[in-house]
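Below: start.cif (mmCIF, C-alpha atoms)
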```
data_structure
#
loop_
_atom_site.label_atom_id
_atom_site.label_comp_id
_atom_site.auth_asym_id
_atom_site.auth_seq_id
_atom_site.Cartn_x
_atom_site.Cartn_y
_atom_site.Cartn_z
CA MET A 29 6.18 -8.50 -31.15
CA ARG A 30 3.38 -5.98 -31.07
CA GLN A 31 0.16 -7.27 -29.53
CA PHE A 32 -3.05 -6.22 -31.25
CA LEU A 33 -6.46 -5.80 -29.66
CA ASP A 34 -9.57 -7.41 -31.15
CA PHE A 35 -10.82 -4.19 -32.72
CA GLU A 36 -7.42 -3.57 -34.37
CA LYS A 37 -7.74 -6.58 -36.69
CA SER A 38 -7.74 -4.54 -39.92
CA VAL A 39 -4.60 -2.64 -38.86
CA ALA A 40 -2.97 -5.88 -37.73
CA GLU A 41 -3.46 -7.44 -41.18
CA LEU A 42 -1.88 -4.44 -42.89
CA GLU A 43 1.06 -4.26 -40.51
CA THR A 44 1.67 -8.00 -40.94
CA LYS A 45 1.88 -7.48 -44.71
CA ILE A 46 4.22 -4.53 -44.18
CA PHE A 47 6.47 -6.65 -41.95
CA GLU A 48 6.58 -9.48 -44.50
CA LEU A 49 7.38 -7.11 -47.37
CA GLN A 50 10.14 -5.45 -45.35
CA ARG A 51 11.69 -8.87 -44.75
CA VAL A 52 11.56 -9.63 -48.47
CA GLU A 53 13.14 -6.28 -49.33
CA ASP A 54 15.88 -6.72 -46.72
CA SER A 55 16.74 -10.24 -47.85
CA SER A 56 17.10 -9.46 -51.55
CA ASP A 57 18.95 -6.73 -53.39
CA ASP A 58 17.03 -7.44 -56.61
CA VAL A 59 13.61 -6.63 -55.21
CA ASN A 60 12.44 -3.01 -55.04
CA ILE A 61 9.05 -2.70 -53.39
CA SER A 62 9.61 0.61 -51.61
CA GLU A 63 6.67 2.29 -53.34
CA GLU A 64 4.28 -0.52 -52.41
CA LEU A 65 5.60 -0.43 -48.84
CA LYS A 66 5.07 3.32 -48.63
CA GLN A 67 1.46 3.00 -49.79
CA LEU A 68 0.75 0.21 -47.30
CA ILE A 69 2.29 2.18 -44.42
CA GLU A 70 0.19 5.24 -45.32
CA LYS A 71 -2.93 3.08 -45.50
CA ALA A 72 -2.20 1.47 -42.12
CA ASP A 73 -1.58 4.88 -40.53
CA LYS A 74 -4.86 6.25 -41.90
CA GLN A 75 -6.78 3.24 -40.61
CA LEU A 76 -5.18 3.58 -37.19
CA ILE A 77 -6.02 7.29 -37.00
CA ALA A 78 -9.64 6.64 -38.06
CA LEU A 79 -9.94 3.77 -35.59
CA TYR A 80 -8.62 5.69 -32.57
CA ALA A 81 -10.62 8.81 -33.41
CA LYS A 82 -13.86 7.01 -32.51
CA LEU A 83 -13.05 4.49 -29.78
CA THR A 84 -16.00 3.28 -27.74
CA PRO A 85 -15.72 3.26 -23.93
CA TRP A 86 -15.25 -0.54 -23.98
CA GLN A 87 -12.46 -0.24 -26.54
CA LYS A 88 -10.83 2.36 -24.28
CA VAL A 89 -10.99 -0.16 -21.44
CA GLN A 90 -9.09 -2.64 -23.62
CA VAL A 91 -6.45 -0.06 -24.53
CA ALA A 92 -6.02 0.98 -20.88
CA ARG A 93 -5.38 -2.66 -19.95
CA HIS A 94 -3.00 -3.37 -22.84
CA ALA A 95 -0.10 -5.48 -21.57
CA GLN A 96 2.46 -3.42 -23.51
CA ARG A 97 1.52 -0.04 -22.06
CA PRO A 98 4.29 1.45 -19.90
CA HIS A 99 3.79 0.65 -16.23
CA ALA A 100 4.69 2.51 -13.05
CA LEU A 101 8.24 1.13 -12.93
CA ASN A 102 8.84 2.21 -16.54
CA TYR A 103 7.93 5.80 -15.64
CA ILE A 104 10.00 5.74 -12.45
CA GLN A 105 13.05 4.36 -14.28
CA ALA A 106 12.64 6.91 -17.08
CA PHE A 107 12.31 10.19 -15.19
CA ILE A 108 13.11 9.67 -11.51
CA GLU A 109 16.84 10.02 -10.92
CA ASP A 110 18.60 8.41 -7.94
CA PHE A 111 15.43 6.57 -6.99
CA THR A 112 15.72 4.92 -3.57
CA PRO A 113 12.88 2.46 -2.91
CA LEU A 114 11.48 2.33 0.62
CA ALA A 115 9.84 -0.92 1.71
CA GLY A 116 7.37 -2.04 4.33
CA ASP A 117 4.56 -0.48 6.30
CA ARG A 118 6.28 -0.90 9.72
CA LEU A 119 3.24 -2.90 10.80
CA PHE A 120 2.98 -6.16 8.89
CA ALA A 121 4.90 -6.68 5.64
CA GLU A 122 6.14 -5.38 2.31
CA ASP A 123 3.54 -5.15 -0.46
CA HIS A 124 5.11 -5.44 -3.92
CA ALA A 125 2.00 -4.10 -5.65
CA ILE A 126 2.91 -0.59 -4.48
CA ILE A 127 6.36 0.75 -5.31
CA GLY A 128 7.45 3.83 -3.37
CA GLY A 129 10.51 5.82 -2.53
CA ILE A 130 12.49 9.04 -2.83
CA GLY A 131 14.22 10.40 -5.91
CA ARG A 132 14.77 13.49 -8.03
CA PHE A 133 12.39 14.67 -10.72
CA ASN A 134 14.04 17.23 -13.01
CA GLY A 135 16.47 17.96 -10.18
CA GLN A 136 13.73 18.38 -7.53
CA THR A 137 13.46 15.90 -4.65
CA VAL A 138 10.11 14.09 -4.66
CA VAL A 139 8.40 11.11 -3.10
CA VAL A 140 7.04 8.73 -5.75
CA ILE A 141 4.36 6.10 -5.15
CA GLY A 142 3.28 3.84 -7.99
CA ILE A 143 1.01 0.83 -8.37
CA GLU A 144 2.85 -1.75 -10.48
CA ARG A 145 0.95 -4.44 -12.40
CA GLY A 146 3.89 -6.33 -13.88
CA SER A 147 4.66 -6.94 -17.54
CA ASP A 148 4.81 -10.77 -17.78
CA LEU A 149 3.49 -13.69 -15.78
CA ASP A 150 6.35 -13.76 -13.28
CA THR A 151 6.27 -10.01 -12.54
CA ARG A 152 2.47 -9.96 -12.47
CA LEU A 153 2.50 -12.65 -9.82
CA GLN A 154 5.23 -10.79 -7.93
CA HIS A 155 3.21 -7.55 -7.94
CA ASN A 156 -0.15 -9.33 -7.44
CA PHE A 157 -1.45 -7.92 -10.75
CA GLY A 158 -1.38 -4.40 -9.30
CA MET A 159 -3.87 -5.18 -6.52
CA ALA A 160 -2.55 -3.90 -3.20
CA ARG A 161 -3.24 -5.30 0.24
CA PRO A 162 -3.66 -3.16 3.40
CA GLU A 163 0.10 -3.11 4.02
CA GLY A 164 0.57 -1.50 0.61
CA TYR A 165 -1.76 1.37 1.46
CA ARG A 166 -0.17 1.73 4.88
CA LYS A 167 3.21 1.95 3.21
CA ALA A 168 1.79 4.72 0.98
CA GLN A 169 0.57 6.56 4.09
CA ARG A 170 4.04 6.29 5.63
CA LEU A 171 5.63 7.75 2.50
CA MET A 172 3.14 10.63 2.38
CA ARG A 173 3.91 11.50 6.00
CA LEU A 174 7.61 11.32 5.13
CA ALA A 175 7.03 13.76 2.25
CA SER A 176 5.25 16.17 4.60
CA HIS A 177 8.07 15.90 7.15
CA PHE A 178 10.74 16.76 4.59
CA ASP A 179 8.52 19.21 2.65
CA VAL A 180 8.80 17.50 -0.75
CA PRO A 181 5.96 16.96 -3.25
CA VAL A 182 4.33 13.59 -3.89
CA ILE A 183 3.83 12.02 -7.33
CA THR A 184 1.55 8.99 -7.60
CA LEU A 185 1.24 6.70 -10.64
CA VAL A 186 -2.04 4.79 -10.59
CA ASP A 187 -2.68 1.60 -12.55
CA THR A 188 -4.83 -0.96 -10.76
CA PRO A 189 -8.01 -2.95 -11.34
CA GLY A 190 -8.73 -2.33 -7.65
CA ALA A 191 -7.53 -3.29 -4.20
CA TRP A 192 -6.97 -6.99 -3.49
CA PRO A 193 -10.37 -8.49 -2.45
CA GLY A 194 -8.99 -11.60 -0.74
CA ILE A 195 -9.93 -12.81 2.73
CA ASP A 196 -6.40 -12.10 4.00
CA ALA A 197 -6.75 -8.43 3.02
CA GLU A 198 -10.16 -8.15 4.66
CA GLU A 199 -8.82 -9.72 7.84
CA ARG A 200 -6.10 -7.06 8.02
CA GLY A 201 -8.47 -4.14 7.47
CA GLN A 202 -8.52 -3.39 3.74
CA ALA A 203 -11.36 -0.85 3.89
CA GLU A 204 -9.80 0.99 6.84
CA ALA A 205 -6.42 1.12 5.08
CA ILE A 206 -7.95 2.63 1.95
CA ALA A 207 -9.99 5.16 3.95
CA LYS A 208 -6.93 6.12 5.97
CA SER A 209 -4.93 6.61 2.75
CA ILE A 210 -7.58 8.98 1.42
CA GLN A 211 -7.53 10.83 4.75
CA THR A 212 -3.73 11.02 4.67
CA CYS A 213 -3.83 12.44 1.14
CA LEU A 214 -6.27 15.12 2.26
CA ARG A 215 -4.16 16.03 5.29
CA THR A 216 -0.77 15.97 3.59
CA SER A 217 0.77 19.44 3.72
CA VAL A 218 2.70 19.16 0.44
CA SER A 219 1.44 19.12 -3.15
CA ILE A 220 0.24 15.81 -4.60
CA ILE A 221 0.07 15.06 -8.32
CA ALA A 222 -1.69 11.84 -9.35
CA VAL A 223 -1.46 10.35 -12.83
CA ILE A 224 -3.83 7.62 -14.02
CA ILE A 225 -1.51 5.80 -16.44
CA GLY A 226 -3.73 2.80 -17.22
CA GLU A 227 -6.65 1.56 -15.19
CA GLY A 228 -7.91 3.37 -12.11
CA GLY A 229 -10.18 0.95 -10.33
CA SER A 230 -12.41 1.83 -7.38
CA GLY A 231 -11.11 2.71 -3.90
CA GLY A 232 -7.83 1.00 -4.68
CA ALA A 233 -7.12 3.85 -7.11
CA ILE A 234 -8.61 6.79 -5.24
CA ALA A 235 -6.50 5.88 -2.19
CA LEU A 236 -3.53 7.26 -4.16
CA ALA A 237 -5.38 9.70 -6.41
CA THR A 238 -6.83 12.11 -3.84
CA ALA A 239 -4.56 14.82 -5.18
CA ASP A 240 -4.25 18.52 -5.96
CA LYS A 241 -3.91 17.68 -9.65
CA ILE A 242 -5.38 14.52 -11.18
CA LEU A 243 -3.99 13.82 -14.65
CA MET A 244 -5.12 11.03 -16.97
CA LEU A 245 -3.57 9.59 -20.06
CA GLU A 246 -5.87 9.95 -23.05
CA HIS A 247 -6.86 6.27 -23.23
CA SER A 248 -6.76 5.44 -19.53
CA ILE A 249 -9.90 4.73 -17.49
CA TYR A 250 -11.01 5.62 -13.94
CA SER A 251 -14.13 4.17 -12.39
CA VAL A 252 -15.84 3.17 -9.17
CA ILE A 253 -16.20 -0.41 -10.47
CA SER A 254 -14.96 -2.47 -13.40
CA PRO A 255 -17.36 -2.88 -16.35
CA GLU A 256 -17.39 -6.65 -15.83
CA ALA A 257 -18.31 -6.38 -12.15
CA CYS A 258 -20.94 -3.72 -12.90
CA SER A 259 -22.43 -5.95 -15.59
CA SER A 260 -22.53 -8.93 -13.23
CA ILE A 261 -24.35 -6.89 -10.58
CA LEU A 262 -26.87 -5.11 -12.83
CA TRP A 263 -27.60 -7.82 -15.41
CA ARG A 264 -26.16 -10.88 -13.68
CA ASP A 265 -24.20 -11.36 -16.89
CA ALA A 266 -20.57 -10.30 -17.34
CA SER A 267 -21.01 -10.34 -21.12
CA GLN A 268 -22.78 -6.96 -20.88
CA ALA A 269 -19.48 -5.29 -19.93
CA ALA A 270 -19.43 -3.13 -23.06
CA GLN A 271 -22.82 -1.65 -22.19
CA ALA A 272 -21.71 -1.11 -18.59
CA ALA A 273 -18.54 0.68 -19.77
CA GLY A 274 -20.65 3.19 -21.67
CA ALA A 275 -22.89 3.84 -18.67
CA LEU A 276 -20.02 4.26 -16.18
CA CYS A 277 -18.52 7.39 -17.84
CA LEU A 278 -15.05 6.01 -17.16
CA THR A 279 -13.06 7.59 -20.00
CA ALA A 280 -10.72 10.54 -19.49
CA GLN A 281 -12.95 12.66 -21.73
CA ASP A 282 -16.05 11.88 -19.64
CA LEU A 283 -14.24 12.54 -16.37
CA LEU A 284 -12.85 15.88 -17.54
CA ARG A 285 -16.35 16.93 -18.59
CA LEU A 286 -17.65 15.90 -15.16
CA LYS A 287 -14.82 17.86 -13.49
CA LEU A 288 -13.49 14.78 -11.71
CA ILE A 289 -10.00 15.14 -13.21
CA ASP A 290 -7.93 18.19 -14.11
CA GLN A 291 -6.13 17.34 -17.34
CA ILE A 292 -5.89 14.80 -20.15
CA ILE A 293 -2.39 13.88 -21.30
CA PRO A 294 -2.31 13.03 -25.04
CA GLU A 295 -0.99 9.63 -26.08
CA PRO A 296 0.81 8.62 -29.28
CA MET A 297 -1.53 7.57 -32.08
CA GLY A 298 -2.62 4.02 -31.33
CA GLY A 299 -2.06 4.35 -27.59
CA ALA A 300 0.90 4.55 -25.22
CA GLN A 301 1.78 0.93 -26.02
CA ARG A 302 2.83 1.88 -29.56
CA ASP A 303 5.45 4.40 -28.46
CA PRO A 304 6.07 4.21 -24.71
CA GLN A 305 8.88 6.75 -24.80
CA ILE A 306 6.66 9.49 -26.23
CA ALA A 307 3.97 8.67 -23.65
CA ILE A 308 6.50 8.82 -20.82
CA GLU A 309 7.83 12.19 -22.04
CA SER A 310 4.27 13.57 -22.21
CA VAL A 311 3.60 12.46 -18.64
CA LYS A 312 6.90 13.96 -17.48
CA LYS A 313 6.04 17.31 -19.07
CA ALA A 314 2.53 17.33 -17.56
CA ILE A 315 3.83 16.54 -14.08
CA GLN A 316 6.38 19.37 -14.29
CA GLU A 317 3.68 21.81 -15.35
CA ALA A 318 1.50 20.72 -12.42
CA LEU A 319 4.39 21.08 -9.95
CA ASP A 320 5.08 24.59 -11.27
CA GLN A 321 1.42 25.57 -10.80
CA LEU A 322 1.37 24.36 -7.19
CA LYS A 323 4.82 25.34 -5.92
CA ASP A 324 3.97 28.85 -4.64
CA ILE A 325 0.68 28.00 -2.94
CA PRO A 326 0.90 28.19 0.89
CA LYS A 327 0.44 24.85 2.67
CA GLN A 328 -2.78 25.73 4.46
CA VAL A 329 -4.32 27.06 1.25
CA LEU A 330 -3.19 23.93 -0.62
CA GLN A 331 -4.84 21.65 1.92
CA ALA A 332 -8.05 23.68 1.94
CA GLN A 333 -8.24 23.71 -1.86
CA ARG A 334 -7.67 19.96 -2.01
CA ARG A 335 -10.42 19.31 0.55
CA ASP A 336 -12.86 21.67 -1.20
CA LYS A 337 -12.04 20.11 -4.57
CA PHE A 338 -13.21 16.68 -3.44
CA LEU A 339 -16.19 17.96 -1.45
CA ALA A 340 -17.40 19.71 -4.58
CA MET A 341 -17.32 16.56 -6.73
CA GLY A 342 -20.80 15.49 -7.69
CA ARG A 343 -22.29 18.81 -6.53
CA GLN A 344 -21.33 20.89 -9.55
CA GLU A 345 -22.85 20.65 -12.99
CA ALA A 346 -20.78 19.26 -15.85
CA GLU A 347 -20.12 21.59 -18.74
#
```

Show me the file's structure as structure tokens.
Amino acid sequence: MRQFLDFEKSVAELETKIFELQRVEDSSDDVNISEELKQLIEKADKQLIALYAKLTPWQKVQVARHAQRPHALNYIQAFIEDFTPLAGDRLFAEDHAIIGGIGRFNGQTVVVIGIERGSDLDTRLQHNFGMARPEGYRKAQRLMRLASHFDVPVITLVDTPGAWPGIDAEERGQAEAIAKSIQTCLRTSVSIIAVIIGEGGSGGAIALATADKILMLEHSIYSVISPEACSSILWRDASQAAQAAGALCLTAQDLLRLKLIDQIIPEPMGGAQRDPQIAIESVKKAIQEALDQLKDIPKQVLQAQRRDKFLAMGRQEAE
């Protein structure tokens, strides 16, 4: 069953009628309503196109968080061959919020690190809703060092509301682990491609997105704080989240204009959740293009460019 967002109510009503008419047509040979069905489908498509052509930042937040969007494991299963997961940080424990390992991408050996949110209640609990603890970030550091040792590129898939804010994480050095991950990204001698596939929240996201190429899906978001948390701080009222979303400039379009990301990956009409396979293929193509652009750059130049890229953020004027 397709899940509809609040602002998709008009499309939901049309698609429900379409579904009911299709059932009637399938169950009876005497009923011919193909012309009516065609008109309804065209009307629903037009409404969907008009709706997604003018999404507000808050509506983009809702799309980015849609439960039926493809998650990190979906991408890994779709385009990473012979994936071998590597577990543990060699210090404390395994963190299931971060999935990492070695595999082949279009025949090329790569290290893949993804933040997995889970797709139902059981998997969300297993992966802690995509909120990593320090051991998750230390595992990511270990995998980046492994990639440098074997001279293979790193692909990261980011989808997190932020790092886990619990007392247990703070006790084990959450802030230090995130800072060290950013430092490891900057020092890694191989190319790093980061893709924001859903929500990129705060330091928990940038710990894996300090990359040579930062790609974002069209309806994903990337921000220093969630709109709800921002609203609670500024207005002491979480109900102002929609206003906060507009002020945070968290959409892919805003971030490209501000030169904080490098490329927007188009999604199927209605978002990646409507046709995950097309979204996954678009991400695969964009990653390959980024790898091709980076493959001939000498290591020292690559590291220097990556460092300069992040030092320049906030200092250059947006177009």

Once the PyMOL selection byres ((chain A and resi 175) around 12) is applied to the coordinates I shared, what remains selected? I want it as a compact mmCIF listing (two decimals) with C-alpha atoms, in the coordinates of the input.
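Done, and the output landed in expr35.txt:
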```
# COMPACT_ATOMS: atom_id res chain seq x y z
CA GLY A 128 7.45 3.83 -3.37
CA GLY A 129 10.51 5.82 -2.53
CA ILE A 130 12.49 9.04 -2.83
CA GLY A 131 14.22 10.40 -5.91
CA THR A 137 13.46 15.90 -4.65
CA VAL A 138 10.11 14.09 -4.66
CA VAL A 139 8.40 11.11 -3.10
CA VAL A 140 7.04 8.73 -5.75
CA ILE A 141 4.36 6.10 -5.15
CA ALA A 168 1.79 4.72 0.98
CA GLN A 169 0.57 6.56 4.09
CA ARG A 170 4.04 6.29 5.63
CA LEU A 171 5.63 7.75 2.50
CA MET A 172 3.14 10.63 2.38
CA ARG A 173 3.91 11.50 6.00
CA LEU A 174 7.61 11.32 5.13
CA SER A 176 5.25 16.17 4.60
CA HIS A 177 8.07 15.90 7.15
CA PHE A 178 10.74 16.76 4.59
CA ASP A 179 8.52 19.21 2.65
CA VAL A 180 8.80 17.50 -0.75
CA PRO A 181 5.96 16.96 -3.25
CA VAL A 182 4.33 13.59 -3.89
CA ILE A 183 3.83 12.02 -7.33
CA THR A 212 -3.73 11.02 4.67
CA CYS A 213 -3.83 12.44 1.14
CA ARG A 215 -4.16 16.03 5.29
CA THR A 216 -0.77 15.97 3.59
CA SER A 217 0.77 19.44 3.72
CA VAL A 218 2.70 19.16 0.44
CA SER A 219 1.44 19.12 -3.15
CA ILE A 220 0.24 15.81 -4.60
```

Query raised in the report: Mind telling me what the PyMOL selection byres ((chain A and resi 314) around 10) catches here, as a count of residues only?
Result: 20

**Report entry** Distance query Glu295 (chain A) at most 6 Å, all atoms listed in the file, self and fewer than 3 positions along chain excluded, as a ChimeraX atom specification
**Finding:** /A:246,299-300,307

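If you measure from each of A:Leu339, A:Ala72, A:Ala106, A:Leu185 to Ile225 (chain A) using all atoms listed in the file, the closest one turns out to be A:Leu185.
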
Query - Which residue of A:Ile224, A:Ala40, A:Ile126, A:Ala266 approaches Ala92 (chain A) most closely, using only C-alpha atoms - result: A:Ile224

Query raised in the report: Near Gln281 (chain A), within 12 Å and counting only C-alpha atoms, which residues show up once chain neighbours fewer than 2 positions away are dropped, as an MDAnalysis selection string?
Result: chainID A and resid 83:85 88 243:250 277:279 283:294 346:347

Query - Pick from A:Ala100, A:Ala239, A:Ile61, A:Ala275 nearest to Ala332 (chain A), counting only C-alpha atoms - result: A:Ala239

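As for CA of Trp86 (chain A) and CA of Asp265 (chain A), they are spaced 15.7 Å apart.
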
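Here CA of Gln87 (chain A) is placed at a distance of 12.2 Å from CA of Ala272 (chain A).
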
Residues matched by the PyMOL selection byres ((chain A and resi 192) around 7), written as a PDB file with C-alpha atoms, in the coordinates of the input:
```pdb
ATOM      1  CA  MET A 159      -3.870  -5.180  -6.520  1.00  0.00           C
ATOM      2  CA  ALA A 160      -2.550  -3.900  -3.200  1.00  0.00           C
ATOM      3  CA  ARG A 161      -3.240  -5.300   0.240  1.00  0.00           C
ATOM      4  CA  GLY A 190      -8.730  -2.330  -7.650  1.00  0.00           C
ATOM      5  CA  ALA A 191      -7.530  -3.290  -4.200  1.00  0.00           C
ATOM      6  CA  PRO A 193     -10.370  -8.490  -2.450  1.00  0.00           C
ATOM      7  CA  GLY A 194      -8.990 -11.600  -0.740  1.00  0.00           C
ATOM      8  CA  ALA A 197      -6.750  -8.430   3.020  1.00  0.00           C
TER       9      ALA A 197
END
```
